[in-house]
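Participant: One file: data23.tsv (TSV, N, CA and C atoms).
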chain	number	residue	atom	x	y	z
A	1	MET	N	96.26	127.27	99.68
A	1	MET	CA	95.62	126.33	100.57
A	1	MET	C	96.49	125.09	100.71
A	2	ILE	N	96.46	124.52	101.88
A	2	ILE	CA	97.14	123.25	102.12
A	2	ILE	C	96.13	122.14	101.82
A	3	ILE	N	96.51	121.22	100.96
A	3	ILE	CA	95.58	120.14	100.64
A	3	ILE	C	95.94	118.91	101.46
A	4	ASP	N	94.91	118.21	101.88
A	4	ASP	CA	95.08	117.01	102.69
A	4	ASP	C	94.67	115.74	101.95
A	5	ASN	N	93.88	115.90	100.92
A	5	ASN	CA	93.37	114.76	100.16
A	5	ASN	C	93.64	114.97	98.68
A	6	PRO	N	93.72	113.87	97.93
A	6	PRO	CA	93.92	114.01	96.49
A	6	PRO	C	92.82	114.85	95.85
A	7	ILE	N	93.21	115.59	94.81
A	7	ILE	CA	92.23	116.36	94.06
A	7	ILE	C	92.26	115.91	92.60
A	8	SER	N	91.18	116.18	91.91
A	8	SER	CA	91.07	115.73	90.53
A	8	SER	C	91.87	116.64	89.60
A	9	VAL	N	92.17	116.10	88.44
A	9	VAL	CA	92.86	116.88	87.42
A	9	VAL	C	91.98	118.04	86.99
A	10	GLU	N	90.68	117.81	86.92
A	10	GLU	CA	89.76	118.89	86.54
A	10	GLU	C	89.81	120.04	87.55
A	11	GLU	N	89.88	119.71	88.83
A	11	GLU	CA	89.98	120.75	89.85
A	11	GLU	C	91.31	121.50	89.71
A	12	LEU	N	92.38	120.79	89.43
A	12	LEU	CA	93.68	121.43	89.24
A	12	LEU	C	93.65	122.34	88.01
A	13	LYS	N	93.00	121.89	86.93
A	13	LYS	CA	92.87	122.72	85.73
A	13	LYS	C	92.09	123.99	86.03
A	14	HIS	N	91.05	123.88	86.84
A	14	HIS	CA	90.28	125.06	87.23
A	14	HIS	C	91.16	126.03	88.03
A	15	MET	N	91.95	125.50	88.96
A	15	MET	CA	92.85	126.35	89.75
A	15	MET	C	93.81	127.11	88.84
A	16	ALA	N	94.29	126.45	87.80
A	16	ALA	CA	95.23	127.09	86.88
A	16	ALA	C	94.65	128.34	86.25
A	17	THR	N	93.36	128.34	85.99
A	17	THR	CA	92.73	129.50	85.35
A	17	THR	C	92.62	130.69	86.31
A	18	GLU	N	92.71	130.46	87.61
A	18	GLU	CA	92.54	131.53	88.58
A	18	GLU	C	93.69	132.53	88.58
A	19	PHE	N	94.92	132.09	88.29
A	19	PHE	CA	96.06	133.00	88.31
A	19	PHE	C	96.84	133.06	87.01
A	20	PHE	N	97.22	131.92	86.46
A	20	PHE	CA	98.19	131.91	85.36
A	20	PHE	C	97.69	131.28	84.06
A	21	GLY	N	96.54	130.66	84.09
A	21	GLY	CA	95.98	130.08	82.88
A	21	GLY	C	96.32	128.62	82.66
A	22	ASP	N	97.62	128.30	82.71
A	22	ASP	CA	98.02	126.92	82.42
A	22	ASP	C	98.87	126.29	83.52
A	23	MET	N	99.08	127.02	84.63
A	23	MET	CA	100.01	126.57	85.65
A	23	MET	C	99.49	126.91	87.04
A	24	VAL	N	99.84	126.05	88.01
A	24	VAL	CA	99.49	126.27	89.41
A	24	VAL	C	100.78	126.23	90.22
A	25	LYS	N	101.00	127.26	91.03
A	25	LYS	CA	102.17	127.26	91.90
A	25	LYS	C	101.89	126.39	93.12
A	26	ALA	N	102.95	125.74	93.60
A	26	ALA	CA	102.82	124.86	94.76
A	26	ALA	C	104.12	124.88	95.55
A	27	VAL	N	104.00	124.56	96.84
A	27	VAL	CA	105.17	124.37	97.70
A	27	VAL	C	105.00	123.04	98.41
A	28	VAL	N	106.07	122.25	98.39
A	28	VAL	CA	106.05	120.91	98.96
A	28	VAL	C	106.94	120.87	100.20
A	29	ASP	N	106.41	120.28	101.27
A	29	ASP	CA	107.19	120.00	102.47
A	29	ASP	C	107.64	118.55	102.35
A	30	ILE	N	108.92	118.33	102.03
A	30	ILE	CA	109.39	116.97	101.79
A	30	ILE	C	109.58	116.19	103.09
A	31	ASP	N	109.57	116.86	104.22
A	31	ASP	CA	109.68	116.18	105.51
A	31	ASP	C	108.33	115.65	105.98
A	32	ARG	N	107.31	116.47	105.85
A	32	ARG	CA	105.98	116.13	106.36
A	32	ARG	C	105.04	115.59	105.27
A	33	GLY	N	105.47	115.65	104.01
A	33	GLY	CA	104.64	115.16	102.92
A	33	GLY	C	103.44	116.04	102.64
A	34	LYS	N	103.55	117.32	102.97
A	34	LYS	CA	102.42	118.25	102.77
A	34	LYS	C	102.61	119.04	101.49
A	35	LEU	N	101.48	119.54	100.98
A	35	LEU	CA	101.48	120.30	99.74
A	35	LEU	C	100.54	121.49	99.89
A	36	ALA	N	101.06	122.67	99.59
A	36	ALA	CA	100.23	123.88	99.54
A	36	ALA	C	100.19	124.32	98.08
A	37	ILE	N	99.00	124.66	97.60
A	37	ILE	CA	98.86	125.00	96.18
A	37	ILE	C	97.96	126.22	95.97
A	38	ASN	N	98.12	126.80	94.79
A	38	ASN	CA	97.23	127.81	94.24
A	38	ASN	C	97.34	129.17	94.90
A	39	SER	N	98.40	129.86	94.57
A	39	SER	CA	98.60	131.21	95.02
A	39	SER	C	99.37	131.95	93.93
A	40	GLU	N	99.35	133.26	94.00
A	40	GLU	CA	100.10	134.05	93.03
A	40	GLU	C	101.61	133.95	93.26
A	41	LEU	N	102.00	133.75	94.53
A	41	LEU	CA	103.42	133.68	94.87
A	41	LEU	C	103.74	132.42	95.66
A	42	HIS	N	104.88	131.81	95.36
A	42	HIS	CA	105.34	130.67	96.15
A	42	HIS	C	105.53	131.06	97.61
A	43	SER	N	105.97	132.29	97.84
A	43	SER	CA	106.24	132.73	99.22
A	43	SER	C	104.98	132.73	100.08
A	44	ASP	N	103.82	132.98	99.48
A	44	ASP	CA	102.56	132.92	100.24
A	44	ASP	C	102.27	131.48	100.69
A	45	LEU	N	102.53	130.52	99.80
A	45	LEU	CA	102.32	129.11	100.13
A	45	LEU	C	103.35	128.64	101.15
A	46	GLU	N	104.56	129.12	101.01
A	46	GLU	CA	105.62	128.82	101.96
A	46	GLU	C	105.21	129.28	103.36
A	47	ARG	N	104.67	130.49	103.45
A	47	ARG	CA	104.23	131.05	104.73
A	47	ARG	C	103.14	130.18	105.36
A	48	LEU	N	102.18	129.72	104.55
A	48	LEU	CA	101.12	128.85	105.06
A	48	LEU	C	101.70	127.59	105.71
A	49	LEU	N	102.66	126.98	105.03
A	49	LEU	CA	103.24	125.76	105.56
A	49	LEU	C	104.09	126.03	106.81
A	50	LEU	N	104.80	127.16	106.83
A	50	LEU	CA	105.57	127.51	108.03
A	50	LEU	C	104.64	127.72	109.22
A	51	GLU	N	103.52	128.39	108.99
A	51	GLU	CA	102.54	128.61	110.06
A	51	GLU	C	101.90	127.30	110.51
A	52	ASP	N	101.91	126.31	109.64
A	52	ASP	CA	101.34	125.00	109.94
A	52	ASP	C	102.35	124.07	110.64
A	53	GLY	N	103.57	124.56	110.81
A	53	GLY	CA	104.57	123.77	111.53
A	53	GLY	C	105.71	123.22	110.69
A	54	SER	N	105.74	123.54	109.42
A	54	SER	CA	106.84	123.08	108.57
A	54	SER	C	108.12	123.85	108.89
A	55	GLU	N	109.25	123.26	108.52
A	55	GLU	CA	110.54	123.90	108.69
A	55	GLU	C	111.07	124.32	107.32
A	56	GLN	N	111.65	125.51	107.25
A	56	GLN	CA	112.11	126.12	106.00
A	56	GLN	C	112.96	125.18	105.14
A	57	GLU	N	113.87	124.47	105.74
A	57	GLU	CA	114.81	123.66	104.97
A	57	GLU	C	114.14	122.55	104.16
A	58	PHE	N	112.90	122.23	104.48
A	58	PHE	CA	112.20	121.15	103.79
A	58	PHE	C	111.17	121.65	102.76
A	59	LEU	N	111.07	122.96	102.58
A	59	LEU	CA	110.07	123.53	101.68
A	59	LEU	C	110.69	123.87	100.32
A	60	TRP	N	110.04	123.39	99.28
A	60	TRP	CA	110.53	123.60	97.91
A	60	TRP	C	109.39	124.05	97.01
A	61	GLY	N	109.66	125.08	96.21
A	61	GLY	CA	108.65	125.62	95.30
A	61	GLY	C	108.69	124.94	93.95
A	62	ILE	N	107.51	124.67	93.43
A	62	ILE	CA	107.36	124.03	92.12
A	62	ILE	C	106.19	124.68	91.37
A	63	ASN	N	106.07	124.35	90.10
A	63	ASN	CA	104.92	124.73	89.30
A	63	ASN	C	104.34	123.46	88.70
A	64	LEU	N	103.02	123.40	88.67
A	64	LEU	CA	102.32	122.24	88.12
A	64	LEU	C	101.57	122.64	86.86
A	65	TYR	N	101.69	121.85	85.82
A	65	TYR	CA	101.02	122.09	84.55
A	65	TYR	C	100.01	120.97	84.32
A	66	PRO	N	98.73	121.22	84.65
A	66	PRO	CA	97.70	120.17	84.59
A	66	PRO	C	97.58	119.47	83.24
A	67	GLU	N	97.83	120.18	82.17
A	67	GLU	CA	97.71	119.59	80.83
A	67	GLU	C	98.73	118.47	80.61
A	68	TYR	N	99.78	118.46	81.41
A	68	TYR	CA	100.86	117.50	81.22
A	68	TYR	C	100.95	116.45	82.32
A	69	ILE	N	99.88	116.30	83.08
A	69	ILE	CA	99.89	115.31	84.16
A	69	ILE	C	100.22	113.93	83.58
A	70	GLY	N	101.08	113.21	84.28
A	70	GLY	CA	101.50	111.90	83.82
A	70	GLY	C	102.74	111.93	82.94
A	71	THR	N	103.28	113.14	82.69
A	71	THR	CA	104.50	113.27	81.89
A	71	THR	C	105.57	113.99	82.70
A	72	ASP	N	106.77	114.02	82.18
A	72	ASP	CA	107.86	114.72	82.85
A	72	ASP	C	107.65	116.24	82.89
A	73	ASP	N	106.76	116.75	82.06
A	73	ASP	CA	106.50	118.19	82.02
A	73	ASP	C	105.45	118.65	83.03
A	74	PHE	N	104.88	117.74	83.79
A	74	PHE	CA	103.86	118.09	84.78
A	74	PHE	C	104.43	118.96	85.90
A	75	ILE	N	105.63	118.63	86.39
A	75	ILE	CA	106.24	119.36	87.50
A	75	ILE	C	107.44	120.14	86.99
A	76	GLU	N	107.43	121.44	87.27
A	76	GLU	CA	108.59	122.30	86.98
A	76	GLU	C	109.21	122.68	88.32
A	77	PHE	N	110.46	122.36	88.51
A	77	PHE	CA	111.14	122.57	89.79
A	77	PHE	C	111.80	123.95	89.83
A	78	ASP	N	110.99	125.00	89.78
A	78	ASP	CA	111.51	126.35	89.64
A	78	ASP	C	110.77	127.33	90.54
A	79	SER	N	111.52	127.99	91.42
A	79	SER	CA	110.93	129.00	92.29
A	79	SER	C	112.03	129.83	92.94
A	80	LEU	N	111.73	131.08	93.19
A	80	LEU	CA	112.68	131.94	93.91
A	80	LEU	C	112.97	131.42	95.31
A	81	ILE	N	111.99	130.77	95.95
A	81	ILE	CA	112.22	130.28	97.32
A	81	ILE	C	113.24	129.14	97.36
A	82	ASN	N	113.59	128.60	96.18
A	82	ASN	CA	114.55	127.51	96.13
A	82	ASN	C	116.00	127.98	96.16
A	83	ILE	N	116.22	129.26	96.04
A	83	ILE	CA	117.59	129.78	96.08
A	83	ILE	C	118.07	129.74	97.52
A	84	ARG	N	118.96	128.79	97.80
A	84	ARG	CA	119.45	128.56	99.16
A	84	ARG	C	120.91	128.15	99.13
A	85	PRO	N	121.79	129.11	99.07
A	85	PRO	CA	123.22	128.77	99.09
A	85	PRO	C	123.60	127.94	100.31
A	86	TRP	N	122.97	128.16	101.44
A	86	TRP	CA	123.28	127.42	102.66
A	86	TRP	C	122.90	125.95	102.57
A	87	GLN	N	122.08	125.59	101.57
A	87	GLN	CA	121.72	124.20	101.31
A	87	GLN	C	122.30	123.72	99.98
A	88	ASN	N	123.29	124.43	99.49
A	88	ASN	CA	123.94	124.13	98.21
A	88	ASN	C	122.98	124.14	97.03
A	89	ASN	N	121.95	124.97	97.10
A	89	ASN	CA	121.03	125.16	95.98
A	89	ASN	C	121.13	126.64	95.58
A	90	ARG	N	121.94	126.92	94.58
A	90	ARG	CA	122.26	128.30	94.23
A	90	ARG	C	121.42	128.87	93.10
A	91	SER	N	120.41	128.13	92.67
A	91	SER	CA	119.54	128.61	91.60
A	91	SER	C	118.07	128.41	91.98
A	92	ARG	N	117.21	128.86	91.10
A	92	ARG	CA	115.77	128.68	91.32
A	92	ARG	C	115.35	127.22	91.14
A	93	TYR	N	116.14	126.47	90.41
A	93	TYR	CA	115.88	125.06	90.12
A	93	TYR	C	116.29	124.20	91.31
A	94	VAL	N	115.51	123.16	91.60
A	94	VAL	CA	115.88	122.20	92.65
A	94	VAL	C	116.98	121.33	92.07
A	95	GLU	N	118.21	121.59	92.50
A	95	GLU	CA	119.37	120.96	91.89
A	95	GLU	C	119.61	119.52	92.34
A	96	ASP	N	119.20	119.17	93.54
A	96	ASP	CA	119.45	117.84	94.09
A	96	ASP	C	118.44	116.83	93.54
A	97	LYS	N	118.94	115.82	92.82
A	97	LYS	CA	118.06	114.82	92.21
A	97	LYS	C	117.23	114.08	93.25
A	98	HIS	N	117.82	113.79	94.40
A	98	HIS	CA	117.10	113.09	95.47
A	98	HIS	C	115.91	113.92	95.97
A	99	ILE	N	116.11	115.22	96.11
A	99	ILE	CA	115.01	116.11	96.54
A	99	ILE	C	113.93	116.16	95.47
A	100	ARG	N	114.33	116.23	94.20
A	100	ARG	CA	113.33	116.24	93.11
A	100	ARG	C	112.51	114.95	93.14
A	101	GLU	N	113.15	113.83	93.41
A	101	GLU	CA	112.43	112.55	93.50
A	101	GLU	C	111.46	112.55	94.67
A	102	GLN	N	111.86	113.12	95.81
A	102	GLN	CA	110.96	113.21	96.96
A	102	GLN	C	109.75	114.08	96.62
A	103	ILE	N	110.00	115.21	95.99
A	103	ILE	CA	108.92	116.11	95.59
A	103	ILE	C	107.95	115.38	94.67
A	104	THR	N	108.47	114.71	93.67
A	104	THR	CA	107.63	114.00	92.70
A	104	THR	C	106.78	112.95	93.40
A	105	GLY	N	107.37	112.20	94.32
A	105	GLY	CA	106.61	111.18	95.05
A	105	GLY	C	105.46	111.75	95.83
A	106	ILE	N	105.69	112.90	96.45
A	106	ILE	CA	104.62	113.55	97.23
A	106	ILE	C	103.53	114.08	96.30
A	107	VAL	N	103.92	114.75	95.24
A	107	VAL	CA	102.95	115.33	94.31
A	107	VAL	C	102.08	114.24	93.69
A	108	ILE	N	102.67	113.14	93.31
A	108	ILE	CA	101.92	112.05	92.67
A	108	ILE	C	100.82	111.53	93.60
A	109	ARG	N	101.06	111.53	94.89
A	109	ARG	CA	100.03	111.07	95.84
A	109	ARG	C	98.78	111.95	95.80
A	110	TYR	N	98.94	113.21	95.48
A	110	TYR	CA	97.80	114.13	95.48
A	110	TYR	C	97.09	114.24	94.13
A	111	PHE	N	97.76	113.83	93.05
A	111	PHE	CA	97.18	113.97	91.71
A	111	PHE	C	97.34	112.66	90.96
A	112	LYS	N	96.35	111.79	91.07
A	112	LYS	CA	96.41	110.50	90.38
A	112	LYS	C	95.53	110.49	89.17
Here is the file; what I need is its structure written in the form of structure tokens.
Facilitator:
Amino acid sequence: MIIDNPISVEELKHMATEFFGDMVKAVVDIDRGKLAINSELHSDLERLLLEDGSEQEFLWGINLYPEYIGTDDFIEFDSLINIRPWQNNRSRYVEDKHIREQITGIVIRYFK
């Protein structure tokens, strides 16, 4: 689902139990500031955002760990959709520090 408003930590913790127990997959559109969360695959969330008008080059997959909100361990910058040699990202990890900072800024707006 694409979220438009901040959600509570308790709601995020509940989402974590639906698929993985301690983690929620998410995809961030760093151009539009949008966030899609809670699916078994990052690619499903990516598709939602593409259908909503996002452009591929701005979509990055992450994992959220509700138990660690407010710490550096809350966001894990790891997803298969992040492998993009054409954008100089050759691994699952978001290698560009500037992009990681953009992702963090967007995520923080939704989970305070």
Participant: Atom CA of A:Pro6 to atom CA of A:Ile75: how many Å, to one decimal?
Facilitator: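 Value for the atom CA of A:Pro6-atom CA of A:Ile75 distance: 16.2 Å.
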Participant: Which of these residues is nearest to A:Leu49, using all atoms listed in the file: A:Glu10, A:Asp29, A:Asp22, A:Glu95?
Facilitator: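 Checking each candidate against A:Leu49, we get A:Asp29 as the closest.
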Participant: Kindly give the distance, in Å, that separates atom CA of A:Ile3 and atom CA of A:Arg84, rounded to a single decimal.
Facilitator: 25.4 Å
Participant: I'd like to know which of A:Glu40, A:Glu18, A:Asp73, A:Glu57 is closest to A:Asn88, using only C-alpha atoms.
Facilitator: A:Glu57
Participant: With only N, CA and C atoms as the atoms that count, which of A:Ala36, A:Ile81, A:Val94, A:Ala26 lies nearest to A:Leu48?
Facilitator: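 Going through A:Ala36, A:Ile81, A:Val94, A:Ala26 one by one, the smallest distance to A:Leu48 is for A:Ala36.
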Participant: Using all atoms listed in the file, pick whichever of A:Ile83, A:Val9, A:Met1, A:Ile37 has the shortest atom-to-atom distance to A:Tyr110.
Facilitator: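 Distance minimum relative to A:Tyr110 lands on A:Val9.
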Participant: Closest to A:Leu35 among A:Ile2, A:Ile103, A:Ile69, A:Leu50, using only C-alpha atoms?
Facilitator: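 Closest to A:Leu35, using only C-alpha atoms: A:Ile2.
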Participant: Here is a test: counting only C-alpha atoms, which residue of A:Gly33, A:His98, A:Gly21, A:Trp60 is nearest to A:Asn5?
Facilitator: A:Gly33
Participant: Run DSSP on the backbone of this structure and report the residues of chain A it assigns to strand (DSSP E), as a list in words.
Facilitator: Ile2, Ile3, Val24, Lys25, Ala26, Val27, Val28, Asp29, Lys34, Leu35, Ala36, Ile37, Leu59, Trp60, Gly61, Ile62, Asn63, Leu64, Ile75 and Glu76 of chain A
Participant: So that I can check the surroundings of A:Ile62, please list as a list in words every protein, DNA and RNA residue that reaches within 6.5 Å of it, counting all atoms listed in the file and ignoring chain neighbours fewer than 3 positions away.
Facilitator: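 The neighbour list is Val24, Lys25, Ala26, Val27, Val28, Ile75, Glu76, Phe77, Asp78 and Ser79 of chain A.
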Participant: Quick one: pull the distance between atom CA of A:Trp86 and atom CA of A:Arg47, Å, one decimal.
Facilitator: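 Spanning atom CA of A:Trp86 to atom CA of A:Arg47 is a straight-line distance of 19.5 Å.
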